[in-house]
file entry18.cif (mmCIF, C-alpha atoms)
data_data
#
loop_
_atom_site.label_atom_id
_atom_site.label_comp_id
_atom_site.auth_asym_id
_atom_site.auth_seq_id
_atom_site.Cartn_x
_atom_site.Cartn_y
_atom_site.Cartn_z
CA MET J 1 0.00 0.00 0.00
CA LYS J 2 1.29 3.45 -0.92
CA MET J 3 0.40 6.83 0.54
CA PHE J 4 0.60 10.26 -0.99
CA LEU J 5 0.76 13.33 1.19
CA ASN J 6 -0.23 16.62 -0.35
CA CYS J 7 0.45 19.55 1.95
CA ILE J 8 0.04 23.25 1.25
CA ARG J 9 0.97 26.30 3.33
CA ARG J 10 -0.82 29.44 2.27
CA ARG J 11 1.21 32.58 1.68
CA LEU J 12 -0.26 36.01 1.30
CA TRP J 13 2.97 37.03 -0.45
CA PHE J 14 1.89 34.97 -3.48
CA LEU J 15 -1.56 36.53 -3.51
CA SER J 16 -0.19 40.04 -3.43
CA GLU J 17 1.76 39.27 -6.61
CA LYS J 18 -1.52 38.40 -8.36
CA LEU J 19 -3.35 41.61 -7.43
CA PRO J 20 -2.75 44.42 -9.97
CA ARG J 21 -3.51 47.10 -7.39
CA PHE J 22 -0.71 45.79 -5.20
CA ARG J 23 1.77 45.90 -8.06
CA LEU J 24 0.81 49.46 -9.01
CA ASN J 25 1.41 50.87 -5.55
CA ILE J 26 4.50 48.91 -4.58
CA SER J 27 6.82 51.67 -5.89
CA ARG J 28 5.88 54.08 -3.13
CA TYR J 29 7.87 52.01 -0.65
CA ASN J 30 11.61 52.42 -0.29
CA THR J 31 13.22 49.50 -2.11
CA ARG J 32 16.78 50.80 -2.06
CA ASP J 33 17.42 49.70 1.49
CA ASP J 34 18.90 46.20 1.22
CA SER J 35 17.90 45.44 4.81
CA TYR J 36 14.27 45.95 3.82
CA ASP J 37 13.94 42.79 1.76
CA LYS J 38 11.19 42.12 -0.73
CA THR J 39 9.39 39.68 1.55
CA SER J 40 9.14 42.36 4.22
CA LEU J 41 8.00 44.81 1.57
CA LEU J 42 5.10 42.61 0.54
CA MET J 43 4.15 41.88 4.14
CA GLN J 44 4.09 45.62 4.85
CA LEU J 45 1.91 46.09 1.79
CA CYS J 46 -0.48 43.37 3.00
CA ALA J 47 -0.61 45.03 6.41
CA ASP J 48 -1.45 48.39 4.82
CA ARG J 49 -4.26 46.74 2.85
CA TYR J 50 -5.78 45.04 5.95
CA TYR J 51 -4.81 41.50 4.88
CA ILE J 52 -2.50 40.88 7.82
CA SER J 53 -2.29 42.73 11.11
CA PRO J 54 0.64 45.04 11.93
CA GLU J 55 1.61 42.48 14.58
CA ALA J 56 2.02 39.83 11.89
CA PHE J 57 4.38 42.10 9.93
CA HIS J 58 6.69 42.66 12.89
CA THR J 59 6.58 39.19 14.44
CA ARG J 60 5.86 37.02 11.36
CA THR J 61 2.94 35.33 13.12
CA CYS J 62 -0.26 34.10 11.42
CA THR J 63 -2.41 37.04 12.51
CA TYR J 64 -4.80 38.12 9.77
CA GLY J 65 -6.64 41.39 9.27
CA PRO J 66 -10.33 41.65 8.26
CA LEU J 67 -9.68 41.12 4.53
CA GLY J 68 -7.03 38.48 5.13
CA THR J 69 -9.43 36.46 7.27
CA GLU J 70 -12.01 36.40 4.48
CA LEU J 71 -9.34 35.64 1.87
CA LYS J 72 -8.01 32.74 3.93
CA LYS J 73 -11.56 31.36 4.34
CA ASN J 74 -12.15 31.55 0.58
CA ILE J 75 -8.87 29.77 -0.22
CA ILE J 76 -9.62 26.98 2.24
CA GLU J 77 -13.09 26.55 0.73
CA GLN J 78 -11.62 26.38 -2.78
CA TRP J 79 -9.00 23.82 -1.72
CA THR J 80 -11.57 21.70 0.10
CA SER J 81 -13.95 21.81 -2.84
CA ALA J 82 -11.19 20.77 -5.23
CA VAL J 83 -9.95 17.72 -3.32
CA ARG J 84 -13.39 16.61 -2.11
CA SER J 85 -14.83 16.71 -5.63
CA ARG J 86 -13.32 13.27 -6.19
CA ALA J 87 -15.21 10.25 -4.87
CA PHE J 88 -13.82 8.54 -1.75
CA VAL J 89 -12.05 11.61 -0.39
CA PHE J 90 -13.29 12.17 3.17
CA GLY J 91 -12.84 15.11 5.49
CA ILE J 92 -11.43 14.54 8.97
CA THR J 93 -10.66 16.67 12.03
CA THR J 94 -7.84 15.60 14.34
CA SER J 95 -6.38 16.90 17.58
CA VAL J 96 -3.74 19.64 17.65
CA GLN J 97 -2.06 17.76 20.49
CA SER J 98 0.39 15.13 19.32
CA THR J 99 2.43 12.16 20.52
CA CYS J 100 4.57 12.13 17.37
CA GLU J 101 8.35 12.29 17.75
CA GLU J 102 8.48 15.39 15.50
CA SER J 103 6.00 17.34 17.65
CA LEU J 104 6.86 20.56 19.49
CA ARG J 105 6.45 21.10 23.21
CA MET J 106 4.67 24.23 24.45
CA VAL J 107 6.38 25.28 27.67
CA ASN J 108 5.45 28.10 30.05
CA ILE J 109 8.29 30.59 29.67
CA GLY J 110 7.36 32.26 32.95
CA ALA J 111 7.80 28.97 34.81
CA PHE J 112 11.21 28.49 33.17
CA GLN J 113 12.28 31.98 34.19
CA GLU J 114 11.11 31.39 37.73
CA ILE J 115 13.33 28.30 38.01
CA PHE J 116 16.38 30.17 36.72
CA ASN J 117 15.75 33.05 39.14
CA GLN J 118 15.82 30.77 42.18
CA GLU J 119 19.48 31.13 43.11
CA SER J 120 19.08 28.86 46.11
CA LEU J 121 18.43 25.83 43.88
CA SER J 122 21.25 23.41 43.25
CA LYS J 123 21.97 22.21 39.73
CA LYS J 124 20.31 18.90 40.51
CA GLU J 125 17.18 20.54 41.90
CA ALA J 126 16.94 22.92 38.95
CA HIS J 127 17.37 20.01 36.56
CA GLN J 128 14.58 18.06 38.28
CA LYS J 129 12.22 21.05 38.16
CA ILE J 130 12.93 21.57 34.45
CA GLU J 131 12.32 17.86 33.74
CA THR J 132 8.99 18.05 35.58
CA LEU J 133 8.04 21.17 33.65
CA MET J 134 8.87 19.50 30.33
CA LYS J 135 6.96 16.37 31.31
CA ASP J 136 3.85 18.40 32.11
CA SER J 137 4.06 20.46 28.92
CA VAL J 138 1.74 19.89 25.96
CA SER J 139 3.07 18.45 22.70
CA VAL J 140 1.56 19.96 19.55
CA ARG J 141 1.66 18.74 15.97
CA THR J 142 3.90 20.11 13.24
CA SER J 143 1.95 18.42 10.41
CA LEU J 144 -1.44 16.84 9.72
CA LEU J 145 -0.04 13.50 8.55
CA GLN J 146 -0.14 11.65 11.86
CA GLY J 147 -3.83 12.36 12.37
CA ALA J 148 -4.69 10.85 8.98
CA LEU J 149 -2.57 7.77 9.65
CA LYS J 150 -4.38 7.14 12.94
CA GLN J 151 -7.76 7.21 11.18
CA TYR J 152 -6.70 4.87 8.37
CA ILE J 153 -8.12 1.60 9.76
CA GLN J 154 -11.48 3.15 10.59
CA ALA J 155 -11.71 4.72 7.12
CA LEU J 156 -10.67 1.42 5.52
CA GLY J 157 -13.70 -0.24 7.09
CA LEU J 158 -15.88 2.53 5.72
CA VAL J 159 -14.87 1.66 2.13
CA ASN J 160 -15.11 -2.12 2.61
CA ARG J 161 -11.32 -2.47 2.83
CA THR J 162 -10.77 -1.35 -0.77
CA LEU J 163 -8.26 1.16 -2.15
CA PRO J 164 -7.84 3.91 -3.15
CA PHE J 165 -9.32 6.56 -0.86
CA GLY J 166 -8.14 9.82 0.68
CA LEU J 167 -8.35 11.69 3.99
CA ALA J 168 -8.32 15.49 3.82
CA GLU J 169 -7.95 18.03 6.62
CA THR J 170 -7.29 21.71 7.18
CA GLY J 171 -6.01 22.77 10.59
CA LEU J 172 -3.45 24.55 12.71
CA CYS J 173 0.10 23.23 13.09
CA HIS J 174 3.03 24.65 15.01
CA HIS J 175 6.42 25.45 13.53
CA SER J 176 9.67 26.63 15.01
CA ASP J 177 11.58 29.44 13.33
CA SER J 178 14.34 26.99 12.47
CA GLN J 179 11.91 25.02 10.29
CA LEU J 180 11.35 28.09 8.13
CA GLY J 181 14.92 29.33 8.01
CA HIS J 182 14.73 31.89 10.84
CA SER J 183 16.84 31.91 13.96
CA SER J 184 14.81 33.57 16.73
CA GLY J 185 13.98 30.22 18.35
CA CYS J 186 10.27 31.08 18.53
CA SER J 187 7.33 28.82 17.75
CA PHE J 188 4.21 29.94 15.94
CA GLU J 189 1.05 28.65 14.27
CA VAL J 190 0.52 28.03 10.57
CA THR J 191 -2.61 26.86 8.77
CA LYS J 192 -2.08 23.78 6.63
CA SER J 193 -4.25 21.71 4.32
CA SER J 194 -3.36 18.07 3.75
CA LEU J 195 -4.65 15.23 1.59
CA VAL J 196 -3.31 11.77 2.37
CA TRP J 197 -4.15 9.41 -0.51
CA PHE J 198 -3.96 5.67 0.15
CA CYS J 199 -3.45 3.43 -2.90
CA SER J 200 -1.77 0.19 -3.96
CA PRO J 201 1.97 0.17 -4.84
CA ARG J 202 1.08 -0.92 -8.37
CA THR J 203 -0.84 2.30 -9.06
CA SER J 204 1.25 4.70 -6.99
CA SER J 205 3.12 6.36 -9.86
CA GLN J 206 -0.11 6.96 -11.80
CA TRP J 207 -1.78 8.52 -8.77
CA MET J 208 1.24 10.73 -8.13
CA ASP J 209 1.03 12.02 -11.71
CA TYR J 210 -2.72 12.54 -11.37
CA TRP J 211 -2.59 14.55 -8.15
CA ALA J 212 0.45 16.57 -9.25
CA HIS J 213 -1.42 17.61 -12.39
CA GLN J 214 -4.57 18.41 -10.42
CA ARG J 215 -2.71 20.60 -7.95
CA LEU J 216 -0.81 22.50 -10.65
CA GLN J 217 -4.06 23.20 -12.49
CA TRP J 218 -5.65 24.38 -9.24
CA TRP J 219 -2.95 26.99 -8.68
CA ARG J 220 -3.02 28.15 -12.28
CA LYS J 221 -6.79 28.60 -12.19
CA PHE J 222 -6.49 31.64 -9.92
CA ALA J 223 -3.42 33.24 -11.54
CA LEU J 224 -3.08 36.16 -13.95
CA GLY J 225 0.12 34.52 -15.16
CA PRO J 226 -0.40 30.72 -15.18
CA SER J 227 3.03 30.18 -16.75
CA ASP J 228 4.64 31.45 -13.54
CA PHE J 229 3.75 28.12 -11.95
CA GLU J 230 5.76 25.00 -12.62
CA MET J 231 6.54 21.58 -11.17
CA CYS J 232 9.81 19.86 -10.42
CA ASN J 233 10.92 16.66 -8.69
CA VAL J 234 12.30 16.82 -5.18
CA GLY J 235 16.03 16.15 -5.16
CA ASP J 236 17.38 13.03 -3.45
CA GLU J 237 19.09 15.17 -0.81
CA GLU J 238 15.71 16.73 0.12
CA LEU J 239 13.73 13.49 0.44
CA LYS J 240 12.31 12.92 3.90
CA GLU J 241 12.82 9.68 5.78
CA GLY J 242 10.48 7.01 4.43
CA THR J 243 9.72 8.86 1.19
CA SER J 244 10.64 7.51 -2.23
CA HIS J 245 9.62 10.43 -4.42
CA GLY J 246 8.43 14.02 -4.18
CA VAL J 247 7.03 16.71 -6.48
CA LYS J 248 7.06 20.46 -5.83
CA VAL J 249 4.73 23.14 -7.15
CA LEU J 250 6.80 26.31 -7.59
CA TYR J 251 5.91 29.95 -8.18
CA LYS J 252 8.20 32.58 -9.71
CA PHE J 253 8.23 35.48 -7.27
CA PRO J 254 10.09 38.69 -8.25
CA TRP J 255 13.03 37.50 -6.15
CA GLY J 256 13.04 33.93 -7.46
CA SER J 257 11.09 30.66 -7.36
CA GLU J 258 9.71 29.32 -4.09
CA THR J 259 7.83 26.15 -3.19
CA LEU J 260 4.10 26.58 -2.61
CA GLU J 261 3.18 22.94 -2.17
CA THR J 262 4.85 19.53 -2.03
CA LEU J 263 3.52 16.04 -2.78
CA TRP J 264 5.29 13.05 -1.21
CA SER J 265 5.19 9.32 -1.98
CA LEU J 266 5.50 7.72 1.46
CA GLY J 267 5.20 3.95 1.18
CA ASP J 268 3.75 2.13 4.20
CA THR J 269 6.50 2.40 6.84
CA LEU J 270 4.88 5.20 8.85
CA LEU J 271 1.45 3.59 8.60
CA LEU J 272 2.66 0.23 9.93
CA LYS J 273 4.53 2.01 12.71
CA THR J 274 1.40 3.93 13.69
CA HIS J 275 -0.85 0.87 13.98
CA GLN J 276 1.68 -1.89 14.68
CA GLY J 277 -0.62 -4.58 13.28
CA THR J 278 -3.67 -3.65 15.33
CA CYS J 279 -7.16 -3.70 13.86
CA LYS J 280 -10.35 -2.03 14.99
CA LYS J 281 -13.95 -2.58 13.98
CA LEU J 282 -15.86 0.42 12.71
CA GLN J 283 -18.90 1.40 14.73
CA VAL J 284 -21.13 4.25 13.52
CA LEU J 285 -24.06 5.84 15.35
CA LYS J 286 -27.51 6.31 13.86
CA LEU J 287 -27.71 10.09 13.74
CA HIS J 288 -30.44 12.70 13.42
CA PRO J 289 -31.15 13.51 9.74
CA THR J 290 -29.61 16.99 10.00
CA LEU J 291 -26.44 15.62 11.62
CA THR J 292 -25.71 12.51 9.57
CA PRO J 293 -22.66 13.18 7.39
CA VAL J 294 -23.96 11.23 4.37
CA LYS J 295 -27.55 11.76 3.25
CA VAL J 296 -27.74 9.38 0.28
CA GLY J 297 -26.16 6.07 -0.67
CA LEU J 298 -26.15 5.75 -4.46
CA ASP J 299 -25.93 2.21 -5.82
CA MET J 300 -26.84 0.26 -8.94
CA GLY J 301 -28.41 -3.14 -9.49
CA ARG J 302 -27.72 -5.75 -12.10
CA GLY J 303 -27.87 -4.89 -15.76
CA SER J 304 -25.79 -3.02 -18.31
CA SER J 305 -23.07 -1.80 -15.95
CA SER J 306 -21.70 0.89 -18.29
CA GLU J 307 -25.10 2.50 -18.87
CA LEU J 308 -26.11 2.22 -15.21
CA ARG J 309 -22.83 3.77 -14.15
CA GLN J 310 -23.38 6.72 -16.50
CA VAL J 311 -26.74 7.36 -14.85
CA CYS J 312 -25.13 7.08 -11.40
CA ASP J 313 -22.34 9.50 -12.37
CA GLY J 314 -24.93 12.04 -13.50
CA LEU J 315 -26.98 11.70 -10.30
CA PHE J 316 -23.87 11.85 -8.14
CA GLN J 317 -22.77 15.18 -9.65
CA GLU J 318 -26.32 16.53 -9.51
CA PHE J 319 -26.61 15.69 -5.81
CA LEU J 320 -23.24 17.20 -4.95
CA GLU J 321 -24.04 20.42 -6.81
CA ALA J 322 -27.29 20.66 -4.83
CA GLY J 323 -25.40 20.24 -1.54
CA ILE J 324 -26.64 16.69 -0.90
CA SER J 325 -23.78 14.64 0.53
CA THR J 326 -23.74 11.33 -1.35
CA TRP J 327 -21.89 8.06 -0.95
CA PRO J 328 -20.83 6.66 -4.39
CA GLY J 329 -21.56 3.03 -3.56
CA TYR J 330 -21.89 2.19 -7.25
CA MET J 331 -18.11 2.59 -7.57
CA ASP J 332 -17.44 -0.12 -4.98
CA THR J 333 -15.86 -3.18 -6.56
CA MET J 334 -17.00 -5.47 -3.72
CA SER J 335 -20.46 -6.87 -4.41
CA LEU J 336 -22.89 -6.98 -1.47
CA SER J 337 -26.33 -8.48 -1.14
CA LEU J 338 -29.15 -5.96 -0.88
CA GLU J 339 -29.64 -6.86 2.78
CA ASN J 340 -25.97 -6.35 3.63
CA LEU J 341 -25.93 -3.12 1.62
CA HIS J 342 -28.84 -1.70 3.61
CA ALA J 343 -27.19 -2.82 6.86
CA LYS J 344 -23.97 -1.06 5.89
CA TYR J 345 -25.75 2.20 5.07
CA ASP J 346 -27.83 2.02 8.26
CA GLU J 347 -24.65 1.71 10.32
CA MET J 348 -23.23 4.73 8.49
CA GLY J 349 -26.38 6.67 9.29
CA VAL J 350 -27.25 7.17 5.59
CA LEU J 351 -30.80 8.52 5.26
CA PHE J 352 -31.75 7.14 1.85
CA THR J 353 -30.52 4.38 -0.43
CA VAL J 354 -31.12 5.22 -4.09
CA MET J 355 -30.88 2.23 -6.42
CA VAL J 356 -30.40 2.63 -10.18
CA SER J 357 -31.46 -0.43 -12.20
CA GLU J 358 -32.70 -1.61 -15.59
CA THR J 359 -36.06 -0.10 -14.66
CA THR J 360 -34.33 3.27 -14.54
CA LEU J 361 -33.00 2.82 -18.06
CA LYS J 362 -36.40 1.77 -19.41
CA GLY J 363 -38.76 4.13 -17.58
CA GLY J 364 -36.68 6.45 -15.41
CA LEU J 365 -37.78 4.84 -12.13
CA LEU J 366 -35.52 4.60 -9.08
CA LEU J 367 -35.89 2.40 -5.99
CA VAL J 368 -35.61 4.61 -2.87
CA ARG J 369 -35.31 3.19 0.66
CA ASN J 370 -35.79 5.25 3.83
CA ARG J 371 -33.40 4.41 6.68
CA ASP J 372 -35.83 5.21 9.49
CA THR J 373 -38.92 3.47 8.08
CA THR J 374 -37.12 0.84 5.91
CA ILE J 375 -39.91 1.43 3.37
CA ARG J 376 -38.94 1.10 -0.29
CA GLU J 377 -40.75 3.07 -2.94
CA THR J 378 -40.30 3.87 -6.61
CA MET J 379 -39.69 7.44 -7.72
CA HIS J 380 -38.97 9.02 -11.08
CA ILE J 381 -35.41 10.19 -11.57
CA SER J 382 -36.60 13.72 -12.34
CA GLU J 383 -38.21 14.00 -8.88
CA ILE J 384 -35.49 12.59 -6.63
CA LYS J 385 -33.40 15.75 -6.09
CA LEU J 386 -36.38 17.91 -5.11
CA PHE J 387 -37.68 15.14 -2.82
CA LEU J 388 -34.35 14.91 -0.98
CA LEU J 389 -34.01 18.69 -0.62
CA LYS J 390 -37.53 18.96 0.81
CA TYR J 391 -36.88 16.11 3.24
CA MET J 392 -33.61 17.66 4.43
CA SER J 393 -35.32 21.03 4.92
CA ALA J 394 -38.23 19.50 6.83
CA SER J 395 -35.92 17.36 8.99
CA GLU J 396 -34.66 20.50 10.71
CA ASN J 397 -38.02 20.59 12.54
CA PHE J 398 -38.00 16.90 13.54
#
call {"tool": "encode", "arguments": {"input": "entry18.cif", "output": "structure tokens"}}
result
Amino acid sequence: MKMFLNCIRRRLWFLSEKLPRFRLNISRYNTRDDSYDKTSLLMQLCADRYYISPEAFHTRTCTYGPLGTELKKNIIEQWTSAVRSRAFVFGITTSVQSTCEESLRMVNIGAFQEIFNQESLSKKEAHQKIETLMKDSVSVRTSLLQGALKQYIQALGLVNRTLPFGLAETGLCHHSDSQLGHSSGCSFEVTKSSLVWFCSPRTSSQWMDYWAHQRLQWWRKFALGPSDFEMCNVGDEELKEGTSHGVKVLYKFPWGSETLETLWSLGDTLLLKTHQGTCKKLQVLKLHPTLTPVKVGLDMGRGSSSELRQVCDGLFQEFLEAGISTWPGYMDTMSLSLENLHAKYDEMGVLFTVMVSETTLKGGLLLVRNRDTTIRETMHISEIKLFLLKYMSASENF
């Protein structure tokens, strides 16, 4: 089994390069002072335009202004929409606290200072107090990878133990200055988005090419100068431990190219280390209609598989565009009996099972099953979307 990790750190510097108004007014700043580098220049410009706070300019922390907050929200929504548009990519939310070896410890500086100010303490006593302080400190994550690895077995049960599938998350991570080339020794928060794609070794190179192309196209979609984006392979000297291959997405800033995003091919070493051969059974609660994460399970019966799949593809896109979360069961290669299929969807909390069959091809009729009543009824394909939207709206008053 192979994993791909796609991680992106957003930079307002890049966005300022795309805004014509920013470029027109950049000349009013003093650019002759070598100590006032171009990165600082753009950050000052972003601060003046309410994208980052003045505090962020001076301390290089992730503190956004009113416009920056909205811009960040829009970018996250665009990224989420792009990666979740593919079937079997699921969103997750994991804890900021971490037990990973690469995590950072958040220590109370005041407590440290108090220990050092106690002149009466011997070296041994001071050492013991510092050890206790470190032991009681909280470890925080530096990446989103570990959270996805921990949820792998549960997600594998959700897809009937078939590959590929992906786990996507956006959240806060902590970095030290040394990780970003600074030397102040400080730690600060960054917002990251990550997609971990699990696939077989046989198809790993194809999936790497696919996701690299998708990510490059995503960046270019928002650019005035799409040709300023390019991809390159990660050099052998830059490969992380356990990775066999990497691809960078680069952008040509005025001062040179910088990496915006990196995709890694990880193998299964970290995954096996995380779970150490353990296995857990997936248990899902039967949720209220407004809370259940998947509203519809879309499957197909026996018949002309290619034609039935085309109908399912069309319904799947139609449901997603209408905001109806749908499980693409018709893409599952593992065949289940109708009874087992209903049991699976009931455990997932799926409200309706929509079955496409030969009857659909002949007369446009679907078989629709309600989770709560277990009643099956036929419905014309032209009516199903409106029916589901009305049910979801009415369920808010249940």
call {"tool": "residues_around", "arguments": {"input": "entry18.cif", "residues": "range 167-171 of chain J", "least_positions_apart": "2", "cutoff": "7 Å", "atoms": "all atoms listed in the file", "output": "list of chain:residue names"}}
result
J:Val89, J:Phe90, J:Gly91, J:Ile92, J:Thr93, J:Ala148, J:Cys173, J:Thr191, J:Lys192, J:Ser193, J:Ser194, J:Leu195, J:Val196, J:Trp197
call {"tool": "residues_around", "arguments": {"input": "entry18.cif", "residues": "range 293-295 of chain J", "least_positions_apart": "2", "cutoff": "12 Å", "atoms": "all atoms listed in the file", "output": "MDAnalysis selection string"}}
result
chainID J and resid 90:92 158 284:291 297:298 316 319:320 323:329 345:354 369:371 385 388:389 391:392 395
call {"tool": "residues_around", "arguments": {"input": "entry18.cif", "residues": "range 237-243 of chain J", "least_positions_apart": "5", "cutoff": "8 Å", "atoms": "only C-alpha atoms", "output": "PyMOL selection string"}}
result
chain J and resi 264-267+269-270
call {"tool": "atom_distance", "arguments": {"input": "entry18.cif", "atom1": "CA of Pro164 in chain J", "atom2": "CA of Phe88 in chain J"}}
result
7.7 Å
call {"tool": "resolve_selection", "arguments": {"input": "entry18.cif", "expression": "the PyMOL selection byres ((chain J and resi 212) around 9)", "output": "list in words"}}
result
Asn6, Trp207, Met208, Asp209, Tyr210, Trp211, His213, Gln214, Arg215, Leu216, Gln217, Met231, Val247, Lys248, Val249, Thr262 and Leu263 of chain J
call {"tool": "atom_distance", "arguments": {"input": "entry18.cif", "atom1": "CA of Pro226 in chain J", "atom2": "CA of Ser257 in chain J"}}
result
13.9 Å
call {"tool": "atom_distance", "arguments": {"input": "entry18.cif", "atom1": "CA of Gln97 in chain J", "atom2": "CA of Val138 in chain J"}}
result
7.0 Å
call {"tool": "resolve_selection", "arguments": {"input": "entry18.cif", "expression": "the PyMOL selection byres ((chain J and resi 48-51) around 9)", "output": "ChimeraX atom specification"}}
result
/J:12,22,43-47,52-54,64-71
call {"tool": "write_last_selection", "arguments": {"input": "entry18.cif", "atoms": "C-alpha atoms", "output": "PDB file, in the coordinates of the input"}}
result
ATOM      1  CA  LEU J  12      -0.260  36.010   1.300  1.00  0.00           C
ATOM      2  CA  PHE J  22      -0.710  45.790  -5.200  1.00  0.00           C
ATOM      3  CA  MET J  43       4.150  41.880   4.140  1.00  0.00           C
ATOM      4  CA  GLN J  44       4.090  45.620   4.850  1.00  0.00           C
ATOM      5  CA  LEU J  45       1.910  46.090   1.790  1.00  0.00           C
ATOM      6  CA  CYS J  46      -0.480  43.370   3.000  1.00  0.00           C
ATOM      7  CA  ALA J  47      -0.610  45.030   6.410  1.00  0.00           C
ATOM      8  CA  ILE J  52      -2.500  40.880   7.820  1.00  0.00           C
ATOM      9  CA  SER J  53      -2.290  42.730  11.110  1.00  0.00           C
ATOM     10  CA  PRO J  54       0.640  45.040  11.930  1.00  0.00           C
ATOM     11  CA  TYR J  64      -4.800  38.120   9.770  1.00  0.00           C
ATOM     12  CA  GLY J  65      -6.640  41.390   9.270  1.00  0.00           C
ATOM     13  CA  PRO J  66     -10.330  41.650   8.260  1.00  0.00           C
ATOM     14  CA  LEU J  67      -9.680  41.120   4.530  1.00  0.00           C
ATOM     15  CA  GLY J  68      -7.030  38.480   5.130  1.00  0.00           C
ATOM     16  CA  THR J  69      -9.430  36.460   7.270  1.00  0.00           C
ATOM     17  CA  GLU J  70     -12.010  36.400   4.480  1.00  0.00           C
ATOM     18  CA  LEU J  71      -9.340  35.640   1.870  1.00  0.00           C
TER      19      LEU J  71
END
call {"tool": "resolve_selection", "arguments": {"input": "entry18.cif", "expression": "the PyMOL selection byres ((chain J and resi 367) around 8)", "output": "tab-separated table (two decimals) with C-alpha atoms, keeping the file's coordinate frame"}}
result
chain	number	residue	atom	x	y	z
J	353	THR	CA	-30.52	4.38	-0.43
J	354	VAL	CA	-31.12	5.22	-4.09
J	355	MET	CA	-30.88	2.23	-6.42
J	356	VAL	CA	-30.40	2.63	-10.18
J	365	LEU	CA	-37.78	4.84	-12.13
J	366	LEU	CA	-35.52	4.60	-9.08
J	368	VAL	CA	-35.61	4.61	-2.87
J	369	ARG	CA	-35.31	3.19	0.66
J	376	ARG	CA	-38.94	1.10	-0.29
J	377	GLU	CA	-40.75	3.07	-2.94
J	378	THR	CA	-40.30	3.87	-6.61
J	379	MET	CA	-39.69	7.44	-7.72
call {"tool": "closest_residue", "arguments": {"input": "entry18.cif", "among": "J:Thr274, J:Asn233, J:Ser200, J:Gln206", "to": "Thr259 in chain J", "atoms": "all atoms listed in the file"}}
result
J:Asn233
call {"tool": "residues_near_point", "arguments": {"input": "entry18.cif", "point": "(-11.1, 0.9, 3.8)", "cutoff": "12 Å", "atoms": "all atoms listed in the file", "output": "MDAnalysis selection string"}}
result
chainID J and resid 1 88:90 151:167 197:199 279:282 332 334
call {"tool": "residues_around", "arguments": {"input": "entry18.cif", "residues": "Lys252 in chain J", "least_positions_apart": "5", "cutoff": "9 Å", "atoms": "all atoms listed in the file", "output": "PyMOL selection string"}}
result
chain J and resi 228-230+257-258
call {"tool": "residues_around", "arguments": {"input": "entry18.cif", "residues": "Ser306 in chain J", "least_positions_apart": "6", "cutoff": "12 Å", "atoms": "all atoms listed in the file", "output": "count of residues only"}}
result
8
